[in-house]
Every structure is written in C-alpha cells, then in structure tokens.
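K.L.:
File name run26.txt; file contents compact mmCIF, C-alpha atoms; full text below.
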```txt
# COMPACT_ATOMS: atom_id res chain seq x y z
CA MET A 1 -16.07 6.72 70.55
CA ARG A 2 -16.76 4.60 73.61
CA THR A 3 -20.26 3.71 72.50
CA LEU A 4 -22.45 4.09 69.43
CA ARG A 5 -25.75 3.07 70.95
CA ASN A 6 -28.35 5.85 70.97
CA LYS A 7 -26.12 8.03 68.80
CA SER A 8 -27.13 9.47 65.43
CA ALA A 9 -25.32 9.44 62.09
CA LEU A 10 -25.52 11.01 58.64
CA VAL A 11 -24.38 8.72 55.83
CA THR A 12 -23.97 9.85 52.21
CA GLY A 13 -24.20 7.43 49.30
CA ALA A 14 -26.26 5.19 51.56
CA ALA A 15 -28.46 3.46 49.00
CA SER A 16 -25.94 0.83 47.91
CA GLY A 17 -22.44 -0.58 48.28
CA ILE A 18 -20.25 0.52 51.17
CA GLY A 19 -22.68 3.24 52.26
CA ARG A 20 -25.55 0.81 52.64
CA ALA A 21 -23.36 -1.72 54.46
CA ILE A 22 -22.15 0.94 56.90
CA ALA A 23 -25.73 2.09 57.48
CA VAL A 24 -26.87 -1.45 58.29
CA GLN A 25 -23.87 -2.05 60.56
CA LEU A 26 -24.52 1.22 62.41
CA ALA A 27 -28.16 0.23 62.85
CA CYS A 28 -26.99 -3.02 64.44
CA GLU A 29 -25.00 -0.86 66.86
CA GLY A 30 -28.16 1.08 67.79
CA VAL A 31 -27.47 4.25 65.79
CA ASP A 32 -30.30 6.38 64.39
CA LEU A 33 -29.67 7.23 60.75
CA PHE A 34 -30.12 10.10 58.34
CA LEU A 35 -29.41 8.58 54.92
CA LEU A 36 -28.70 10.48 51.70
CA ASP A 37 -28.41 9.35 48.09
CA VAL A 38 -29.62 10.24 44.60
CA ASP A 39 -31.15 6.76 44.23
CA GLN A 40 -34.64 7.20 45.67
CA ALA A 41 -35.64 3.56 45.28
CA GLY A 42 -32.44 2.39 46.94
CA LEU A 43 -33.01 4.81 49.79
CA VAL A 44 -36.50 3.46 50.45
CA ASP A 45 -35.08 -0.06 50.60
CA VAL A 46 -32.19 0.72 52.96
CA VAL A 47 -34.40 2.83 55.27
CA SER A 48 -36.77 -0.13 55.55
CA ALA A 49 -33.84 -2.47 56.23
CA VAL A 50 -32.34 -0.39 59.04
CA LYS A 51 -35.69 0.31 60.67
CA ARG A 52 -36.09 -3.45 61.09
CA LYS A 53 -33.06 -3.23 63.39
CA GLY A 54 -35.12 -1.08 65.76
CA VAL A 55 -33.61 2.34 65.04
CA ASP A 56 -35.06 5.57 63.71
CA ALA A 57 -34.15 6.33 60.10
CA ILE A 58 -34.80 9.12 57.63
CA GLY A 59 -34.03 8.86 53.92
CA ARG A 60 -33.64 11.96 51.78
CA ARG A 61 -32.74 12.32 48.14
CA CYS A 62 -29.68 14.55 47.82
CA ASP A 63 -27.31 15.19 44.94
CA VAL A 64 -24.16 15.90 46.92
CA SER A 65 -22.52 17.55 43.91
CA GLU A 66 -24.86 20.49 44.58
CA PRO A 67 -23.86 22.65 47.58
CA THR A 68 -27.41 24.03 47.86
CA GLN A 69 -28.81 20.51 48.29
CA ILE A 70 -26.15 19.76 50.90
CA ALA A 71 -27.11 22.89 52.83
CA THR A 72 -30.82 22.03 52.63
CA SER A 73 -30.22 18.47 53.83
CA VAL A 74 -28.09 19.64 56.74
CA ALA A 75 -30.72 22.23 57.70
CA HIS A 76 -33.32 19.44 57.68
CA ILE A 77 -31.35 17.21 60.05
CA LEU A 78 -30.52 20.13 62.33
CA ASP A 79 -34.22 20.93 62.51
CA ARG A 80 -35.22 17.31 63.16
CA TRP A 81 -32.44 16.09 65.46
CA GLY A 82 -30.35 19.15 66.28
CA GLY A 83 -27.31 17.55 64.66
CA VAL A 84 -25.57 14.18 64.53
CA ASP A 85 -22.81 12.41 66.45
CA LEU A 86 -21.27 10.74 63.41
CA LEU A 87 -20.72 11.95 59.86
CA VAL A 88 -19.93 9.32 57.21
CA ASN A 89 -18.74 10.87 53.95
CA ASN A 90 -19.06 7.91 51.61
CA ALA A 91 -20.63 9.03 48.30
CA GLY A 92 -18.27 8.74 45.34
CA ILE A 93 -17.97 8.21 41.60
CA THR A 94 -15.03 7.49 39.33
CA TYR A 95 -13.74 7.73 35.76
CA TYR A 96 -11.52 5.29 33.92
CA GLY A 97 -9.54 6.46 30.92
CA GLN A 98 -6.84 8.84 29.80
CA THR A 99 -7.03 12.14 31.61
CA HIS A 100 -7.28 14.31 28.49
CA GLU A 101 -10.26 12.24 27.33
CA MET A 102 -12.28 13.19 30.41
CA SER A 103 -14.97 15.83 29.89
CA ALA A 104 -14.82 19.00 31.95
CA GLU A 105 -18.36 18.36 33.18
CA HIS A 106 -17.57 14.90 34.54
CA CYS A 107 -14.31 16.09 36.08
CA GLU A 108 -16.14 18.84 37.95
CA ARG A 109 -18.87 16.45 39.09
CA LEU A 110 -16.34 13.85 40.28
CA LEU A 111 -14.42 16.41 42.34
CA ALA A 112 -17.67 17.88 43.67
CA ILE A 113 -18.95 14.50 44.89
CA ASN A 114 -15.71 12.90 46.05
CA LEU A 115 -13.96 15.85 47.67
CA GLN A 116 -15.98 19.05 47.85
CA ALA A 117 -19.09 17.38 49.30
CA PRO A 118 -17.22 15.91 52.31
CA ILE A 119 -15.70 19.34 52.95
CA HIS A 120 -19.11 21.03 52.74
CA PHE A 121 -20.84 18.48 55.00
CA THR A 122 -18.03 18.74 57.52
CA ARG A 123 -18.06 22.54 57.45
CA GLU A 124 -21.82 22.65 57.90
CA LEU A 125 -21.95 20.09 60.72
CA LEU A 126 -18.76 20.91 62.65
CA PRO A 127 -20.39 23.33 65.11
CA THR A 128 -22.83 20.70 66.33
CA LEU A 129 -20.28 17.86 66.14
CA LEU A 130 -17.96 19.83 68.43
CA GLU A 131 -20.79 20.32 70.92
CA ARG A 132 -21.24 16.57 71.36
CA PRO A 133 -19.38 14.75 74.17
CA GLU A 134 -18.25 12.23 71.55
CA ALA A 135 -18.33 12.73 67.81
CA HIS A 136 -16.60 11.24 64.80
CA ILE A 137 -16.09 11.86 61.09
CA LEU A 138 -15.48 8.85 58.84
CA ASN A 139 -14.21 9.72 55.37
CA VAL A 140 -14.37 6.79 52.98
CA ALA A 141 -11.33 7.31 50.77
CA SER A 142 -9.38 4.61 48.91
CA PHE A 143 -5.92 3.14 48.73
CA PHE A 144 -5.78 5.21 45.53
CA GLY A 145 -5.74 8.12 47.96
CA LEU A 146 -2.29 6.88 48.96
CA ILE A 147 -0.90 5.60 45.66
CA GLY A 148 -1.25 7.24 42.27
CA THR A 149 -2.04 5.13 39.25
CA ARG A 150 -2.74 5.52 35.56
CA ARG A 151 -6.16 6.21 34.01
CA LEU A 152 -7.60 7.27 37.39
CA ALA A 153 -5.95 10.65 37.80
CA ALA A 154 -9.04 12.67 38.80
CA TYR A 155 -10.35 9.94 41.10
CA THR A 156 -6.91 9.56 42.68
CA ALA A 157 -6.62 13.33 43.14
CA SER A 158 -9.99 13.45 44.91
CA LYS A 159 -9.05 10.62 47.27
CA PHE A 160 -5.59 12.06 47.99
CA GLY A 161 -7.41 15.26 48.88
CA LEU A 162 -9.83 13.42 51.17
CA VAL A 163 -6.98 11.70 53.00
CA GLY A 164 -5.23 15.04 53.45
CA PHE A 165 -8.45 16.68 54.60
CA SER A 166 -8.91 13.95 57.22
CA GLU A 167 -5.35 14.39 58.47
CA SER A 168 -5.80 18.15 58.76
CA LEU A 169 -9.08 17.76 60.66
CA ARG A 170 -7.37 15.48 63.20
CA ALA A 171 -4.59 18.02 63.62
CA GLU A 172 -7.06 20.87 64.06
CA PHE A 173 -9.64 19.24 66.30
CA GLY A 174 -7.95 16.23 67.89
CA ARG A 175 -7.62 18.00 71.25
CA THR A 176 -11.35 18.73 71.31
CA GLY A 177 -12.19 15.03 71.30
CA LEU A 178 -13.47 14.92 67.72
CA GLY A 179 -12.40 11.68 66.08
CA VAL A 180 -11.54 11.52 62.37
CA THR A 181 -10.78 8.44 60.27
CA ALA A 182 -9.71 8.08 56.65
CA LEU A 183 -10.84 4.63 55.52
CA CYS A 184 -8.73 3.45 52.58
CA PRO A 185 -9.99 0.12 51.23
CA GLY A 186 -8.73 -1.59 48.13
CA PHE A 187 -11.14 -2.93 45.53
CA VAL A 188 -14.64 -3.65 46.82
CA ASP A 189 -17.43 -5.66 45.20
CA THR A 190 -19.66 -2.66 44.40
CA LYS A 191 -20.91 -0.94 41.25
CA LEU A 192 -18.24 1.79 41.38
CA PHE A 193 -16.15 0.56 38.45
CA ALA A 194 -18.97 -1.21 36.64
CA THR A 195 -20.81 2.11 36.28
CA ALA A 196 -17.73 4.31 35.81
CA SER A 197 -17.64 6.80 32.96
CA LEU A 198 -15.05 5.82 30.35
CA GLY A 199 -12.66 7.71 28.14
CA SER A 200 -13.11 7.40 24.39
CA ASP A 201 -10.03 5.17 24.33
CA ARG A 202 -11.89 2.52 26.35
CA GLN A 203 -14.55 0.25 24.84
CA GLN A 204 -15.57 -1.62 27.98
CA GLN A 205 -15.36 -1.37 31.75
CA LYS A 206 -12.10 -2.30 33.45
CA LEU A 207 -13.12 -4.49 36.37
CA PRO A 208 -10.75 -5.62 39.13
CA PRO A 209 -9.92 -9.35 39.34
CA ARG A 210 -12.27 -11.24 41.65
CA TRP A 211 -9.43 -12.27 43.99
CA MET A 212 -8.74 -8.60 44.77
CA LEU A 213 -12.33 -7.85 45.81
CA THR A 214 -13.70 -7.75 49.32
CA THR A 215 -17.31 -7.26 50.35
CA PRO A 216 -18.95 -4.01 51.49
CA GLU A 217 -19.94 -5.80 54.70
CA LYS A 218 -16.28 -6.46 55.61
CA ILE A 219 -15.45 -2.82 54.91
CA ALA A 220 -18.35 -1.72 57.12
CA ALA A 221 -17.30 -3.98 59.99
CA ARG A 222 -13.77 -2.60 59.83
CA ALA A 223 -15.13 0.96 59.70
CA ILE A 224 -17.03 0.41 62.97
CA LYS A 225 -13.84 -0.78 64.66
CA ALA A 226 -11.98 2.28 63.38
CA ILE A 227 -14.65 4.58 64.83
CA TYR A 228 -14.48 2.91 68.24
CA ARG A 229 -10.67 3.09 68.23
CA ASN A 230 -10.46 6.56 66.65
CA GLN A 231 -7.92 5.33 64.12
CA ALA A 232 -6.46 8.02 61.90
CA GLN A 233 -6.09 5.87 58.79
CA VAL A 234 -7.15 2.35 57.92
CA VAL A 235 -5.71 0.53 54.90
CA MET A 236 -7.46 -2.72 54.10
CA GLN A 237 -6.60 -5.84 52.09
CA PRO A 238 -3.08 -7.32 52.04
CA TYR A 239 -2.16 -6.06 48.55
CA ALA A 240 -3.24 -2.52 49.45
CA LYS A 241 -1.14 -2.60 52.63
CA LEU A 242 1.82 -4.01 50.71
CA ALA A 243 1.57 -1.36 48.00
CA HIS A 244 1.26 1.39 50.61
CA LEU A 245 4.28 0.16 52.56
CA GLY A 246 6.24 -0.31 49.34
CA LYS A 247 5.62 3.29 48.36
CA ARG A 248 6.55 4.57 51.82
CA PHE A 249 9.83 2.71 52.12
CA PHE A 250 10.77 2.45 48.43
CA PRO A 251 9.21 5.61 46.95
CA GLY A 252 10.99 5.36 43.61
CA LEU A 253 9.98 1.76 42.88
CA LEU A 254 6.51 2.47 41.52
CA ASP A 255 7.76 5.39 39.46
CA TRP A 256 10.51 3.19 38.02
CA ALA A 257 7.96 0.50 37.14
CA ASN A 258 5.75 3.03 35.35
CA HIS A 259 8.68 4.37 33.33
CA LEU A 260 9.86 0.85 32.55
CA SER A 261 6.46 0.09 31.09
CA ARG A 262 6.64 3.28 29.01
CA ASN A 263 10.08 2.39 27.71
CA ARG A 264 8.86 -1.04 26.64
CA THR A 265 5.96 0.53 24.79
CA GLN A 266 8.27 2.98 23.04
CA ASN A 267 10.61 0.17 22.02
CA GLN A 268 7.71 -1.85 20.64
CA GLU A 269 6.49 1.15 18.65
CA ALA A 270 10.00 1.73 17.31
CA ILE A 271 10.27 -1.87 16.16
CA LYS A 272 7.10 -1.72 14.04
CA PRO A 273 8.38 0.73 11.36
CA GLN A 274 11.68 -1.12 11.12
CA ALA A 275 9.92 -4.44 10.65
CA ALA A 276 7.77 -2.96 7.89
CA ILE A 277 10.89 -1.66 6.07
CA GLU A 278 12.53 -5.09 6.26
CA ARG A 279 9.39 -6.77 4.89
CA ARG A 280 9.34 -4.38 1.92
CA ARG A 281 13.02 -5.06 1.21
CA ALA A 282 12.45 -8.80 1.33
CA ALA A 283 9.56 -8.47 -1.15
```
Here is a file; write its structure as structure tokens.
P.N.:
Amino acid sequence: MRTLRNKSALVTGAASGIGRAIAVQLACEGVDLFLLDVDQAGLVDVVSAVKRKGVDAIGRRCDVSEPTQIATSVAHILDRWGGVDLLVNNAGITYYGQTHEMSAEHCERLLAINLQAPIHFTRELLPTLLERPEAHILNVASFFGLIGTRRLAAYTASKFGLVGFSESLRAEFGRTGLGVTALCPGFVDTKLFATASLGSDRQQQKLPPRWMLTTPEKIAARAIKAIYRNQAQVVMQPYAKLAHLGKRFFPGLLDWANHLSRNRTQNQEAIKPQAAIERRRAA
C-alpha cells in the first residue's frame, strides 16, 4: 500500500498484545479502526487510546471462534463503513502439552480461532477488499508456522495453515492488487504462553527465556513496513530466521536432533532397570 492515511482497518484480538500494538501503530498512521476482542474492558481501553491519536474507532466484543459472531461483526462494519481497506487477522490462543492430553473442545476452539476465523473474515470481506484501489490482508502467524516443534502440535498446525492460506491468497489475488502478508514472529512478550492451556503432564507454564522475547511494539512497527512493501512473508528475530534457514537448507537436521533426543531418553530409561538389578545383586 502506498499510503495508510485515511484508510480503515479491522483488527482481531485487538485488546492486548500484538493486536493492541498494531492498532495503536495504525492509528499513528491515520487509520480508522474497527477493533474486535472477547475482552470488553481491554477493548474500551484500546479504543480510548487510539481515539487520542485523532482517528475514528469502534470496539465490538466478538468471539471469533463463533462463525455467527464473525458474520454479525462483518455485517456491522459493512453497514457502518461499507468495508475496510486492511484486514488484520491477529487473534490466537495456544496449548502446551502432549497432543493426546489435549481435550477435543480446546483443540476445536484453537483451530477455530487461529485458522478458521481468518479464513471466515477473509471470505466475508474479500468482495469489498477487492473493490478498493489498495487493500491488504495481514495474517499474524508465527515462526512455528514454518517449523514444527514438540508439545505445540495443534498450535503449529494452525499457524502452518495460516501461512499456507496467505500464500494461496497471494497466488489467487496478487494480480488484482490485493496485498497479503504472513507475519511470522518468534517469541513475543505477551500473555499467549502465560495463559496457555496445559496438558495434564505439565504442572506449570512453559515460558520462553527473556532473551528470546521481543516487544509487541517492535512486531507492530515491522508489520506496518510489511504492509507498505507488500511483503509475502516476514520472519522476525535472529534465532527465528536462523531456524527457518536451517530447516530450508538442511531439512533433516531438526528431525535428526529430535530423534537423537528420543534415543537418549530411551537409553536413560533402559539404564534404570539394569541399575536396579545391580543394586539388588550387590545387597
């Protein structure tokens, strides 16, 4: 997009974290905002914050895991503004634990929020987006949408899907002038992992090391650049870029490392019974 000033945007998951930071950054660029979240109090706060930047803003409570609420929210913005120039699919949740420990209900909700909601919002808004001289879709994915890892299988699957969805949209609508970006940050200092549902094998939250964290504001600033440049995919943080490049050029390395870890675990488990036998013999 050549300019964002006087454009309008819909942002999901806007009450906190990356969504809030993107909303504030867009307001600084002169973008009117339609903000969605399940956190009503957070919505009131962010709407007040962006209005102080001199833009129009509407906050609406919406559980994006519910297609009917998505449709109602889209109908509301179409009625008020006739559509938007920018769609930011940001809302997301996660789960940390062994895959078989995850409840069916949480699995369905995770996929609904992380993957199905962006598809539904895009499907509902595409006709009006394509009518705009300039329009853009920003899908906030993750570097776990590029690299699989343990204990995050459902989350990883949803983000892989979002990256693929973004790539397909660019292929389908790139010639029309619609821009699409998959934003793939590493760990961000938000509540995502602190509030994650856990498997029964986990007793406490698994939080990333502080040195791996970046701020939502830095992610938002990079997102704005990606929109202006119509970048297909943005991978942030040096370790995320390194891991992504490592997988691309040495695809078997990560798989080898995972199996090496498994073999070490198996060897350690095999040693335990033998050590117990030797102790009994010595007694």
K.L.:
Please report the interatomic distance between atom CA of Val84 of chain A and atom CA of Arg109 of chain A in Å with one decimal.
P.N.:
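Atom CA of Arg109 of chain A lies at a distance of 26.4 Å from atom CA of Val84 of chain A.
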K.L.:
From the options A:Pro185, A:Asp39, A:Leu10, A:Arg132, which residue's atoms come nearest to His76 of chain A, counting only C-alpha atoms?
P.N.:
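Going through A:Pro185, A:Asp39, A:Leu10, A:Arg132 one by one, the smallest distance to His76 of chain A is for A:Leu10.
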K.L.:
One decimal, Å: what's the distance from atom CA of Tyr95 of chain A over to atom CA of Arg222 of chain A, could you say?
P.N.:
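Computed distance, atom CA of Tyr95 of chain A to atom CA of Arg222 of chain A, equals 26.2 Å.
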K.L.:
Tell me which of A:Asp37, A:Asp63, A:Asp255, A:Glu101 sits closest to Gly148 of chain A, counting all atoms listed in the file.
P.N.:
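Going through A:Asp37, A:Asp63, A:Asp255, A:Glu101 one by one, the smallest distance to Gly148 of chain A is for A:Asp255.
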K.L.:
Which residue gives the smallest distance to Glu167 of chain A among A:Ile58, A:Val88, A:Ala182, A:Leu126, with all atoms listed in the file counted?
P.N.:
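Closest candidate: A:Ala182.
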K.L.:
To one decimal place, how far is atom CA of Cys184 of chain A from atom CA of Val55 of chain A in Å?
P.N.:
27.8 Å
K.L.:
For each of A:Ala221, A:Ala226, A:Trp211, A:Ala104, take the minimum atom-to-atom distance to Tyr239 of chain A, counting all atoms listed in the file, then give the residue where this is smallest.
P.N.:
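Checking each candidate against Tyr239 of chain A, we get A:Trp211 as the closest.
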K.L.:
Which polymer residues have any atom within 10 Å of an atom of Thr122 of chain A, counting all atoms listed in the file, with same-chain residues fewer than 2 positions away left out, as a ChimeraX atom specification?
P.N.:
/A:87-89,116-120,124-127,129,137,169
K.L.:
Write out as number ranges by chain each polymer residue whose atoms come within 6 Å of Asn90 of chain A, counting only C-alpha atoms; drop sequence neighbours fewer than 5 positions from it.
P.N.:
A: 12-13, 19, 140
K.L.:
Residues at most 10 Å from Val38 of chain A, counting only C-alpha atoms, excluding those fewer than 4 positions away in the same chain, as a ChimeraX atom specification?
P.N.:
/A:12-15,42-43,60-64,91
K.L.:
Taking all atoms listed in the file into account, name the residue in A:Asn114, A:His136, A:Phe187, A:His259 that is nearest to Leu162 of chain A.
P.N.:
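Nearest candidate to Leu162 of chain A out of A:Asn114, A:His136, A:Phe187, A:His259: A:Asn114.
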K.L.:
Pick the closest to Asp45 of chain A from A:Thr176, A:Ser16, A:Thr181, A:Thr156: which is it, counting all atoms listed in the file?
P.N.:
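Closest candidate: A:Ser16.
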K.L.:
Counting all atoms listed in the file, what is within 12 Å of Cys28 of chain A, bar same-chain residues fewer than 2 positions away, as a ChimeraX atom specification?
P.N.:
/A:4-7,21-26,30-33,49-56,220-221,224
K.L.:
For Glu134 of chain A, work out the shell of residues within 7 Å, counting only C-alpha atoms and skipping chain neighbours fewer than 4 positions away, then give it as a PyMOL selection string.
P.N.:
chain A and resi 1+85+177-178
K.L.:
Return as CSV the residues of segment 105-205 of chain A lying at most 12 Å from segment 245-248 of chain A, together with the closest atom-to-atom pair for each and the distance in Å to one decimal, counting only C-alpha atoms, with rows in chain order and ascending residue number.
P.N.:
```
residue,atom,partner,partner_atom,distance
A:Phe143,CA,A:Leu245,CA,11.3
A:Phe144,CA,A:Lys247,CA,11.9
A:Leu146,CA,A:Lys247,CA,8.7
A:Ile147,CA,A:Lys247,CA,7.4
A:Gly148,CA,A:Lys247,CA,10.0
```
